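Q: File query11.txt follows (compact mmCIF, C-alpha atoms and all ligand atoms):
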```txt
# COMPACT_ATOMS: atom_id res chain seq x y z
CA MET M 1115 13.49 83.82 106.11
CA LYS M 1116 15.03 86.59 103.98
CA ARG M 1117 17.13 86.65 100.82
CA ILE M 1118 18.40 89.29 98.44
CA ILE M 1119 17.00 88.82 94.95
CA VAL M 1120 17.99 90.57 91.69
CA GLU M 1121 15.02 90.78 89.30
CA ASN M 1122 16.63 93.08 86.72
CA TYR M 1123 20.26 94.00 85.99
CA GLY M 1124 21.18 97.42 87.26
CA GLY M 1125 22.86 99.50 89.94
CA PRO M 1126 23.13 98.51 93.62
CA GLU M 1127 19.45 99.47 94.14
CA VAL M 1128 18.34 96.29 92.32
CA LEU M 1129 19.51 94.23 95.34
CA LYS M 1130 16.11 93.80 97.04
CA LEU M 1131 15.29 91.95 100.25
CA HIS M 1132 12.51 89.33 99.86
CA ASP M 1133 10.79 86.82 102.12
CA SER M 1134 11.78 83.37 100.97
CA ASP M 1135 11.08 79.93 102.44
CA PRO M 1136 13.89 77.43 102.04
CA PRO M 1137 13.28 74.28 99.97
CA SER M 1138 13.87 70.74 101.22
CA PRO M 1139 17.28 69.50 100.10
CA GLY M 1140 17.24 66.84 97.38
CA PRO M 1141 19.58 63.83 97.10
CA GLY M 1142 23.20 64.87 97.73
CA GLU M 1143 22.15 68.39 98.81
CA LEU M 1144 22.47 70.31 102.06
CA LEU M 1145 20.41 73.19 103.40
CA VAL M 1146 22.54 75.69 105.34
CA LYS M 1147 21.32 78.41 107.69
CA LEU M 1148 23.69 81.25 106.79
CA HIS M 1149 25.00 83.71 109.36
CA ALA M 1150 27.35 85.57 106.99
CA SER M 1151 27.94 85.88 103.27
CA GLY M 1152 31.03 87.17 101.45
CA ILE M 1153 30.82 90.08 99.00
CA ASN M 1154 33.01 89.98 95.89
CA PRO M 1155 33.59 92.16 92.82
CA VAL M 1156 32.05 89.43 90.62
CA ASP M 1157 28.75 89.93 92.49
CA THR M 1158 28.66 93.51 91.19
CA TYR M 1159 29.35 92.36 87.61
CA ARG M 1160 26.53 89.79 87.81
CA ARG M 1161 24.16 92.31 89.42
CA SER M 1162 24.73 94.79 86.60
CA GLY M 1163 24.99 92.23 83.78
CA SER M 1164 28.50 93.47 82.89
CA GLN M 1165 32.02 92.06 82.24
CA GLY M 1166 30.43 89.18 80.30
CA TYR M 1167 28.18 88.04 83.18
CA THR M 1168 24.45 87.65 82.42
CA PRO M 1169 23.02 85.23 84.99
CA ASP M 1170 19.42 84.08 84.49
CA LEU M 1171 16.95 86.41 86.24
CA PRO M 1172 15.74 86.49 88.93
CA PHE M 1173 18.64 85.25 91.05
CA CYS M 1174 20.08 85.44 94.55
CA PRO M 1175 23.70 86.69 94.36
CA GLY M 1176 26.71 85.41 96.28
CA PHE M 1177 29.14 82.53 95.99
CA GLU M 1178 30.17 81.98 99.60
CA GLY M 1179 28.91 81.98 103.15
CA ALA M 1180 29.18 80.45 106.60
CA GLY M 1181 26.55 78.99 108.90
CA GLU M 1182 25.04 75.80 110.29
CA ILE M 1183 23.62 72.71 108.63
CA LEU M 1184 19.80 72.93 108.79
CA ALA M 1185 18.80 69.84 106.81
CA ILE M 1186 20.45 67.03 104.88
CA GLY M 1187 19.02 65.52 101.70
CA PRO M 1188 18.72 61.77 101.05
CA PRO M 1189 22.05 59.98 100.50
CA SER M 1190 23.33 60.00 96.93
CA ALA M 1191 26.35 58.94 94.90
CA GLY M 1192 27.20 62.65 94.71
CA ASP M 1193 27.68 63.02 98.48
CA GLY M 1194 30.78 65.01 99.41
CA PRO M 1195 33.78 63.88 101.42
CA PHE M 1196 32.35 65.00 104.79
CA SER M 1197 29.63 63.47 106.92
CA PHE M 1198 27.56 66.32 108.39
CA SER M 1199 24.84 66.49 111.05
CA PRO M 1200 22.28 69.27 111.65
CA GLY M 1201 23.91 72.12 113.60
CA ASP M 1202 27.44 71.51 112.26
CA ARG M 1203 29.40 74.72 111.57
CA VAL M 1204 30.30 74.95 107.89
CA TYR M 1205 31.38 77.27 105.10
CA VAL M 1206 30.05 77.11 101.56
CA GLY M 1207 31.73 77.65 98.20
CA TRP M 1208 29.49 78.29 95.13
CA SER M 1209 26.07 76.86 96.26
CA ILE M 1210 23.03 76.05 94.14
CA SER M 1211 20.85 78.90 95.36
CA GLY M 1212 23.16 81.92 95.95
CA THR M 1213 24.34 83.03 99.37
CA TYR M 1214 23.04 86.59 99.98
CA GLY M 1215 20.39 85.35 102.39
CA GLN M 1216 19.49 83.53 105.57
CA TRP M 1217 19.62 80.13 103.87
CA CYS M 1218 21.35 78.48 100.98
CA LEU M 1219 21.02 75.17 99.21
CA ALA M 1220 24.31 73.53 98.21
CA ASP M 1221 25.66 70.32 96.75
CA ALA M 1222 27.46 68.27 99.37
CA ALA M 1223 30.80 68.88 97.57
CA GLN M 1224 30.27 72.65 98.02
CA VAL M 1225 30.17 72.49 101.83
CA PHE M 1226 33.24 72.28 104.11
CA PRO M 1227 33.63 72.11 107.90
CA LEU M 1228 34.44 75.55 109.30
CA PRO M 1229 38.02 75.41 110.62
CA MET M 1230 38.21 75.64 114.42
CA GLY M 1231 38.59 79.14 115.79
CA LEU M 1232 36.97 81.03 112.89
CA GLY M 1233 33.80 83.10 113.35
CA TRP M 1234 30.96 83.41 110.84
CA ALA M 1235 32.34 86.48 109.05
CA GLU M 1236 35.78 84.93 108.74
CA GLY M 1237 34.26 81.69 107.47
CA ALA M 1238 32.30 83.60 104.84
CA ALA M 1239 35.59 85.12 103.64
CA LEU M 1240 37.32 81.81 102.90
CA PHE M 1241 36.13 80.40 99.61
CA VAL M 1242 36.47 82.98 96.86
CA ASN M 1243 39.61 84.66 98.19
CA TYR M 1244 41.66 81.80 99.62
CA PHE M 1245 40.76 79.20 97.00
CA THR M 1246 41.49 81.65 94.17
CA ALA M 1247 44.79 82.81 95.68
CA TYR M 1248 45.91 79.20 96.26
CA ARG M 1249 44.89 78.23 92.74
CA ALA M 1250 46.87 81.15 91.33
CA LEU M 1251 49.98 80.55 93.42
CA VAL M 1252 50.21 76.79 93.65
CA ILE M 1253 47.92 74.99 91.19
CA ARG M 1254 48.33 77.30 88.18
CA GLY M 1255 51.43 79.26 89.25
CA GLY M 1256 53.47 76.25 90.42
CA ALA M 1257 55.17 78.30 93.16
CA LEU M 1258 58.43 76.65 94.22
CA PRO M 1259 60.02 77.08 97.66
CA GLY M 1260 61.75 80.43 97.92
CA GLU M 1261 60.31 81.89 94.71
CA LYS M 1262 59.63 85.62 94.94
CA VAL M 1263 56.02 86.72 94.58
CA LEU M 1264 54.51 90.14 93.83
CA VAL M 1265 50.84 90.55 94.71
CA HIS M 1266 49.80 93.42 92.45
CA GLY M 1267 46.69 94.56 94.31
CA ALA M 1268 47.36 93.07 97.74
CA SER M 1269 44.98 95.12 99.90
CA GLY M 1270 41.76 93.37 98.82
CA GLY M 1271 40.30 89.97 99.59
CA VAL M 1272 42.32 87.89 97.11
CA GLY M 1273 45.49 89.90 97.69
CA LEU M 1274 45.54 89.51 101.47
CA ALA M 1275 44.75 85.82 101.11
CA ALA M 1276 47.72 85.50 98.74
CA LEU M 1277 50.02 87.26 101.21
CA GLN M 1278 48.92 84.86 103.93
CA TRP M 1279 49.42 81.80 101.71
CA CYS M 1280 52.95 83.05 100.95
CA GLY M 1281 53.59 83.34 104.70
CA PHE M 1282 52.23 79.82 105.18
CA MET M 1283 54.47 78.41 102.42
CA GLY M 1284 57.52 80.50 103.27
CA ASN M 1285 57.69 82.39 99.95
CA PRO M 1286 59.02 85.95 100.13
CA VAL M 1287 56.26 88.31 98.99
CA TRP M 1288 55.89 91.97 98.00
CA GLY M 1289 52.57 93.81 97.66
CA THR M 1290 50.96 96.92 96.23
CA ALA M 1291 47.94 98.97 97.33
CA GLY M 1292 46.35 102.25 96.35
CA SER M 1293 46.07 103.88 99.79
CA GLU M 1294 48.19 104.37 102.92
CA THR M 1295 45.77 102.18 104.88
CA GLY M 1296 46.07 99.48 102.26
CA MET M 1297 49.88 99.62 102.23
CA ASP M 1298 49.99 99.44 106.05
CA LEU M 1299 47.79 96.35 105.94
CA VAL M 1300 49.95 94.75 103.26
CA SER M 1301 53.08 95.36 105.39
CA ARG M 1302 51.37 93.97 108.45
CA TRP M 1303 50.59 90.76 106.57
CA GLY M 1304 54.22 90.07 105.82
CA ALA M 1305 55.17 91.93 102.64
CA GLU M 1306 58.94 92.51 102.41
CA ASP M 1307 58.12 95.93 100.96
CA THR M 1308 55.12 97.75 99.47
CA ALA M 1309 54.42 100.29 96.73
CA ASP M 1310 51.46 102.41 95.66
CA HIS M 1311 50.10 101.01 92.40
CA ARG M 1312 48.94 104.48 91.37
CA SER M 1313 52.67 105.14 90.76
CA PRO M 1314 54.12 102.79 88.10
CA THR M 1315 57.64 104.04 88.91
CA ALA M 1316 57.22 103.07 92.59
CA VAL M 1317 56.12 99.57 91.55
CA ALA M 1318 59.06 99.27 89.12
CA ALA M 1319 61.44 100.31 91.91
CA LEU M 1320 60.02 97.53 94.07
CA ALA M 1321 60.86 95.02 91.33
CA ASP M 1322 64.40 96.41 90.93
CA ALA M 1323 65.05 96.14 94.66
CA ALA M 1324 63.67 92.59 94.72
CA GLY M 1325 65.76 91.55 91.69
CA GLY M 1326 62.65 90.59 89.66
CA PHE M 1327 59.69 88.42 90.60
CA ASP M 1328 59.12 84.76 89.81
CA ILE M 1329 55.35 85.09 90.10
CA ILE M 1330 53.12 88.15 89.82
CA LEU M 1331 49.50 87.79 90.95
CA GLU M 1332 47.72 90.48 88.94
CA MET M 1333 44.37 92.00 90.00
CA ARG M 1334 44.23 94.64 87.22
CA SER M 1335 45.74 93.00 84.16
CA ASP M 1336 44.07 95.53 81.88
CA LEU M 1337 46.21 98.25 83.51
CA ASN M 1338 49.41 96.43 84.45
CA LEU M 1339 50.16 93.48 82.17
CA GLU M 1340 52.71 95.24 79.96
CA ALA M 1341 54.61 96.64 82.96
CA ASP M 1342 54.45 93.25 84.70
CA LEU M 1343 56.49 91.71 81.87
CA ASP M 1344 59.32 94.12 82.74
CA MET M 1345 59.31 93.00 86.39
CA LEU M 1346 59.66 89.24 85.90
CA ALA M 1347 62.74 87.15 86.59
CA PRO M 1348 63.69 84.53 83.93
CA GLY M 1349 61.01 81.80 83.84
CA GLY M 1350 58.58 84.16 85.58
CA ARG M 1351 54.79 83.85 85.43
CA VAL M 1352 52.11 86.54 85.46
CA MET M 1353 48.89 85.14 86.86
CA VAL M 1354 45.88 86.97 85.42
CA ILE M 1355 43.35 86.98 88.27
CA GLY M 1356 41.49 90.24 87.66
CA SER M 1357 40.93 92.37 84.54
CA ARG M 1358 38.30 94.94 83.65
CA GLY M 1359 39.06 95.69 80.01
CA GLU M 1360 41.50 95.42 77.13
CA THR M 1361 45.22 96.13 76.99
CA THR M 1362 48.15 96.01 74.58
CA ILE M 1363 51.35 94.11 75.32
CA THR M 1364 54.70 93.67 73.60
CA PRO M 1365 54.93 89.88 73.06
CA ARG M 1366 58.73 90.11 72.52
CA LYS M 1367 59.10 90.87 76.24
CA THR M 1368 58.10 87.28 77.03
CA MET M 1369 60.82 85.78 74.80
CA GLY M 1370 64.18 86.60 76.36
CA ILE M 1371 63.06 85.55 79.83
CA GLU M 1372 60.73 82.76 78.63
CA ALA M 1373 57.87 84.26 80.61
CA ASP M 1374 54.34 82.89 80.89
CA ILE M 1375 51.05 84.75 81.13
CA ARG M 1376 48.54 82.38 82.73
CA GLY M 1377 44.82 82.83 83.29
CA VAL M 1378 43.25 81.80 86.58
CA VAL M 1379 39.60 81.15 87.26
CA LEU M 1380 38.09 79.72 90.39
CA PHE M 1381 35.27 77.85 88.67
CA ARG M 1382 37.80 75.50 87.05
CA SER M 1383 38.81 74.22 90.49
CA THR M 1384 37.82 70.54 90.70
CA ALA M 1385 36.33 68.83 93.76
CA PRO M 1386 39.68 67.08 94.57
CA GLU M 1387 41.52 70.42 94.20
CA ASN M 1388 38.98 72.13 96.46
CA LEU M 1389 39.41 69.41 99.05
CA ALA M 1390 43.21 69.81 98.92
CA ILE M 1391 42.85 73.59 99.37
CA HIS M 1392 40.48 73.06 102.30
CA ARG M 1393 43.05 70.74 103.95
CA ALA M 1394 45.77 73.37 103.47
CA LEU M 1395 43.41 76.01 104.92
CA GLU M 1396 42.84 73.91 108.04
CA LYS M 1397 46.62 73.74 108.58
CA GLY M 1398 47.04 77.46 107.85
CA VAL M 1399 44.28 78.44 110.27
CA ALA M 1400 45.79 76.18 112.96
CA SER M 1401 49.24 77.76 112.47
CA ARG M 1402 47.66 81.28 112.48
CA ASP M 1403 49.18 82.03 109.04
CA ILE M 1404 45.63 82.16 107.65
CA GLN M 1405 43.41 84.77 109.33
CA PRO M 1406 40.73 86.35 107.13
CA VAL M 1407 40.84 90.15 107.41
CA VAL M 1408 37.28 91.48 107.67
CA HIS M 1409 37.06 95.13 106.64
CA SER M 1410 33.33 95.80 107.21
CA GLU M 1411 30.14 93.97 108.10
CA TYR M 1412 26.73 95.06 106.73
CA PRO M 1413 23.20 93.94 107.59
CA LEU M 1414 21.63 91.98 104.71
CA ALA M 1415 19.32 94.88 103.91
CA ASP M 1416 22.38 97.10 103.33
CA ALA M 1417 23.66 95.01 100.43
CA PRO M 1418 23.24 98.01 98.06
CA ARG M 1419 25.52 100.15 100.25
CA ALA M 1420 28.02 97.30 100.51
CA HIS M 1421 28.20 97.05 96.70
CA ARG M 1422 28.68 100.80 96.36
CA GLU M 1423 31.47 100.89 98.92
CA LEU M 1424 33.19 97.82 97.44
CA MET M 1425 33.54 99.51 94.07
CA GLU M 1426 34.17 103.09 95.27
CA GLN M 1427 36.46 102.83 98.30
CA PRO M 1428 40.08 101.65 98.51
CA ALA M 1429 40.30 98.05 99.61
CA ALA M 1430 41.39 97.01 103.10
CA GLY M 1431 40.21 93.42 103.47
CA LYS M 1432 36.91 91.65 102.99
CA ARG M 1433 33.34 93.02 103.09
CA ILE M 1434 30.74 90.73 104.65
CA LEU M 1435 26.94 90.63 104.81
CA LEU M 1436 25.54 89.54 108.17
CA CYS M 1437 22.55 87.34 107.44
CA SER M 1438 21.11 86.38 110.84
N1 LIG U 1 39.93 84.81 88.38
C1 LIG U 1 39.13 84.48 89.40
O1 LIG U 1 38.64 83.36 89.53
C2 LIG U 1 38.83 85.55 90.41
C3 LIG U 1 38.40 85.21 91.70
C4 LIG U 1 38.22 86.24 92.64
C5 LIG U 1 38.43 87.56 92.27
N2 LIG U 1 38.80 87.84 91.00
C6 LIG U 1 39.08 89.22 90.56
O2 LIG U 1 40.30 89.61 91.18
C7 LIG U 1 40.26 91.00 91.45
C8 LIG U 1 40.54 91.24 92.95
O3 LIG U 1 39.49 90.65 93.69
P1 LIG U 1 39.31 91.00 95.24
O4 LIG U 1 38.28 90.12 95.78
O5 LIG U 1 40.64 91.07 95.90
O6 LIG U 1 38.72 92.49 95.13
P2 LIG U 1 38.78 93.68 96.18
O7 LIG U 1 38.75 93.14 97.57
O8 LIG U 1 37.77 94.66 95.76
O9 LIG U 1 40.24 94.29 95.94
C9 LIG U 1 40.59 94.87 94.71
C10 LIG U 1 42.11 94.95 94.68
O10 LIG U 1 42.54 95.49 93.42
C11 LIG U 1 43.48 96.52 93.72
N3 LIG U 1 43.70 97.49 92.67
C12 LIG U 1 43.01 98.63 92.39
N4 LIG U 1 43.63 99.31 91.40
C13 LIG U 1 44.73 98.57 91.06
C14 LIG U 1 45.79 98.77 90.14
N5 LIG U 1 45.84 99.83 89.33
N6 LIG U 1 46.75 97.84 90.09
C15 LIG U 1 46.74 96.74 90.88
N7 LIG U 1 45.77 96.51 91.78
C16 LIG U 1 44.78 97.42 91.87
C17 LIG U 1 42.88 97.16 94.98
O11 LIG U 1 43.81 98.02 95.61
P3 LIG U 1 43.36 99.46 96.26
O12 LIG U 1 41.89 99.41 96.53
O13 LIG U 1 44.21 99.54 97.49
O14 LIG U 1 43.72 100.45 95.21
C18 LIG U 1 42.61 95.90 95.77
O15 LIG U 1 43.79 95.38 96.34
C19 LIG U 1 38.88 91.50 91.00
O16 LIG U 1 39.00 91.99 89.68
C20 LIG U 1 38.04 90.23 91.00
O17 LIG U 1 36.96 90.31 90.10
C21 LIG U 1 39.01 86.87 90.07
```
Take the structure I supplied and represent it as structure tokens, if you would.

A:
Amino acid sequence: MKRIIVENYGGPEVLKLHDSDPPSPGPGELLVKLHASGINPVDTYRRSGSQGYTPDLPFCPGFEGAGEILAIGPPSAGDGPFSFSPGDRVYVGWSISGTYGQWCLADAAQVFPLPMGLGWAEGAALFVNYFTAYRALVIRGGALPGEKVLVHGASGGVGLAALQWCGFMGNPVWGTAGSETGMDLVSRWGAEDTADHRSPTAVAALADAAGGFDIILEMRSDLNLEADLDMLAPGGRVMVIGSRGETTITPRKTMGIEADIRGVVLFRSTAPENLAIHRALEKGVASRDIQPVVHSEYPLADAPRAHRELMEQPAAGKRILLCS
């Protein structure tokens, strides 16, 4: 079987395909035959050893995938909430081994039944995007019914997931993108209105028309945090999901409206929270509010091209590696 391995930090060319036999799962572990793996910006940071990420070398990248149960380790106290059999269709979040490959080893709590009706690529797009967006909106953001949400960077994986969660929960939502294609996609997924985030005045006009936002999900806090504080309604929250550098803000802007700036990170999601998000996903998939938007699929060997395109092209949904 094949896996992508990074032996040294560097550009996309360090993503190399290797032959790799899967191990036998230990107690509380599952071996999954992966058909698809999700590609995320964090994979590029870990590959290059940047943005504070320096994973131990060598490693197999990837935090999510979808496939079938191949083997089940001996029972253990750490077994997850689901009882699986070989051949069951599942999706994986985190994993022990990495997911850019034809197999992955995971703790039982990292494996979830694939909701009915989703294909492999869609299943591989669930964990990082939908769990992060739900964590930002509900668990950390405390979204109340009817609260107005701006997704600042709505054309990518997390942003589209957030739009769909808002549709599922009935929250009015606005979104930004940096291309016409992206803005069309954001409109199609239920945004009341859209703006191009390359134009700060267009984004500010969106906030004026909306009467201020209760929650802003921010994908580029290093660029937008100061302006976000001007777009909040009283009691509003900016959820810092993505940031690629430093910024300066005027703290006084938080005072008059008693605004919060809240960090969000997926790895703080506990097993009970993950289970609750999975249950919500099942309902959202059944109601058709949740439908992962797959932008492109790449053969495993094209992982370097996928990383280049992820960082260089405007976003329009999720990029997926096909593993089988
Ligand atoms: N905190 C966490 O746990 C967590 C989890 C997942 C992801 N993230 C981070 O969240 C961010 C988004 O992730 P993703 O998976 O959605 O990535 P993605 O699919 O590559 O999408 C990136 C998004 O950022 C938007 N963007 C680009 N320039 C922007 C600007 N000036 N202002 C606002 N948005 C801008 C892009 O819009 P255009 O391409 O249309 O310009 C696109 O919507 C990344 O920084 C990622 O590392 C954090």

Q: So which one's closest to Ala1291 in chain M, M:Gly1176, M:Pro1188, M:Pro1314, M:Gly1267? Using all atoms listed in the file, please.

A: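 When distances to Ala1291 in chain M are compared using all atoms listed in the file, the smallest one comes from M:Gly1267.
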
Q: Looking at M:Val1128, M:Trp1288, M:Val1352, M:Glu1340, which one is nearest to Asp1322 in chain M, with distances taken over all atoms listed in the file?

A: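 Once distances to Asp1322 in chain M are computed over all atoms listed in the file, the minimum belongs to M:Trp1288.
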
Q: Excluding Ile1253 in chain M and residues on its chain fewer than 3 positions from it, collect all residues at most 12 Å away from it, counting all atoms listed in the file, and give them as a JSON list (two decimals) with C-alpha atoms, in the coordinates of the input.

A:
```json
[["chain", "number", "residue", "atom", "x", "y", "z"],
["M", 1245, "PHE", "CA", 40.76, 79.20, 97.00],
["M", 1246, "THR", "CA", 41.49, 81.65, 94.17],
["M", 1247, "ALA", "CA", 44.79, 82.81, 95.68],
["M", 1248, "TYR", "CA", 45.91, 79.20, 96.26],
["M", 1249, "ARG", "CA", 44.89, 78.23, 92.74],
["M", 1250, "ALA", "CA", 46.87, 81.15, 91.33],
["M", 1256, "GLY", "CA", 53.47, 76.25, 90.42],
["M", 1257, "ALA", "CA", 55.17, 78.30, 93.16],
["M", 1258, "LEU", "CA", 58.43, 76.65, 94.22],
["M", 1353, "MET", "CA", 48.89, 85.14, 86.86],
["M", 1376, "ARG", "CA", 48.54, 82.38, 82.73],
["M", 1377, "GLY", "CA", 44.82, 82.83, 83.29],
["M", 1378, "VAL", "CA", 43.25, 81.80, 86.58],
["M", 1379, "VAL", "CA", 39.60, 81.15, 87.26],
["M", 1380, "LEU", "CA", 38.09, 79.72, 90.39],
["M", 1382, "ARG", "CA", 37.80, 75.50, 87.05],
["M", 1383, "SER", "CA", 38.81, 74.22, 90.49],
["M", 1384, "THR", "CA", 37.82, 70.54, 90.70],
["M", 1386, "PRO", "CA", 39.68, 67.08, 94.57],
["M", 1387, "GLU", "CA", 41.52, 70.42, 94.20],
["M", 1388, "ASN", "CA", 38.98, 72.13, 96.46],
["M", 1390, "ALA", "CA", 43.21, 69.81, 98.92],
["M", 1391, "ILE", "CA", 42.85, 73.59, 99.37]]
```

Q: Per residue of chain M within 6 Å of ligand LIG 1 (chain U), which atom pair is closest and at what distance in Å (one decimal), using all atoms listed in the file, listed by chain and increasing number, as a Markdown table?

A:
```
| residue | atom | partner | partner_atom | distance |
| --- | --- | --- | --- | --- |
| M:Asn1154 | CA | U:LIG1 | O4 | 5.3 |
| M:Pro1155 | CA | U:LIG1 | O17 | 4.7 |
| M:Val1156 | CA | U:LIG1 | O17 | 5.0 |
| M:Val1242 | CA | U:LIG1 | C4 | 5.6 |
| M:Asn1243 | CA | U:LIG1 | C4 | 5.9 |
| M:Thr1246 | CA | U:LIG1 | C3 | 5.3 |
| M:His1266 | CA | U:LIG1 | C15 | 4.8 |
| M:Gly1267 | CA | U:LIG1 | N7 | 3.3 |
| M:Ala1268 | CA | U:LIG1 | O15 | 4.5 |
| M:Ser1269 | CA | U:LIG1 | O15 | 3.8 |
| M:Gly1270 | CA | U:LIG1 | O7 | 3.3 |
| M:Gly1271 | CA | U:LIG1 | O5 | 3.9 |
| M:Val1272 | CA | U:LIG1 | O5 | 3.8 |
| M:Gly1273 | CA | U:LIG1 | O5 | 5.3 |
| M:Ala1291 | CA | U:LIG1 | O13 | 3.8 |
| M:Gly1292 | CA | U:LIG1 | O14 | 3.4 |
| M:Ser1293 | CA | U:LIG1 | O13 | 5.3 |
| M:Gly1296 | CA | U:LIG1 | O13 | 5.1 |
| M:His1311 | CA | U:LIG1 | N6 | 5.2 |
| M:Arg1312 | CA | U:LIG1 | N5 | 5.9 |
| M:Met1333 | CA | U:LIG1 | C7 | 4.5 |
| M:Arg1334 | CA | U:LIG1 | C15 | 4.9 |
| M:Ile1355 | CA | U:LIG1 | N1 | 4.1 |
| M:Gly1356 | CA | U:LIG1 | O16 | 3.7 |
| M:Ser1357 | CA | U:LIG1 | O16 | 5.5 |
| M:Val1378 | CA | U:LIG1 | N1 | 4.8 |
| M:Val1379 | CA | U:LIG1 | O1 | 3.3 |
| M:Leu1380 | CA | U:LIG1 | O1 | 3.8 |
| M:Leu1424 | CA | U:LIG1 | O8 | 5.8 |
| M:Pro1428 | CA | U:LIG1 | O12 | 3.5 |
| M:Ala1429 | CA | U:LIG1 | O12 | 3.7 |
| M:Lys1432 | CA | U:LIG1 | O7 | 5.9 |
```

Q: Mind pulling up the distance from CA of Ile1404 in chain M to CA of Leu1277 in chain M?

A: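 Spanning CA of Leu1277 in chain M to CA of Ile1404 in chain M is a straight-line distance of 9.3 Å.
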
Q: Using only C-alpha atoms, which of M:Pro1229, M:Pro1413, M:Pro1348, M:Pro1365 sits nearest Glu1261 in chain M?

A: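 Residue with the minimum atom-to-atom distance to Glu1261 in chain M: M:Pro1348.
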
Q: In terms of the shortest atom-to-atom distance over all atoms listed in the file, which of M:Ile1153, M:Ala1191, M:Cys1218, M:Leu1251 is closest to Lys1116 in chain M?

A: M:Cys1218

Q: Looking at all atoms listed in the file, which of M:Asn1122, M:Ser1151, M:Ser1134, M:Thr1368 is the one that sits closest to Ala1417 in chain M?

A: M:Ser1151

Q: Which residues are near Val1408 in chain M? Cut-off 7 Å, all atoms listed in the file, ignore same chain within fewer than 2 positions. Put them as a list of chain:residue names.

A: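 Residues meeting the cut-off are M:Glu1236, M:Pro1406, M:Ser1410, M:Gly1431, M:Lys1432, M:Arg1433.
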
Q: Let me make sure I understand: among M:Ser1401, M:Thr1290, M:Phe1327, M:Tyr1244, which one has the smallest atom-to-atom distance to Asp1310 in chain M if we use all atoms listed in the file?

A: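 Under the stated criterion, the closest residue is M:Thr1290.
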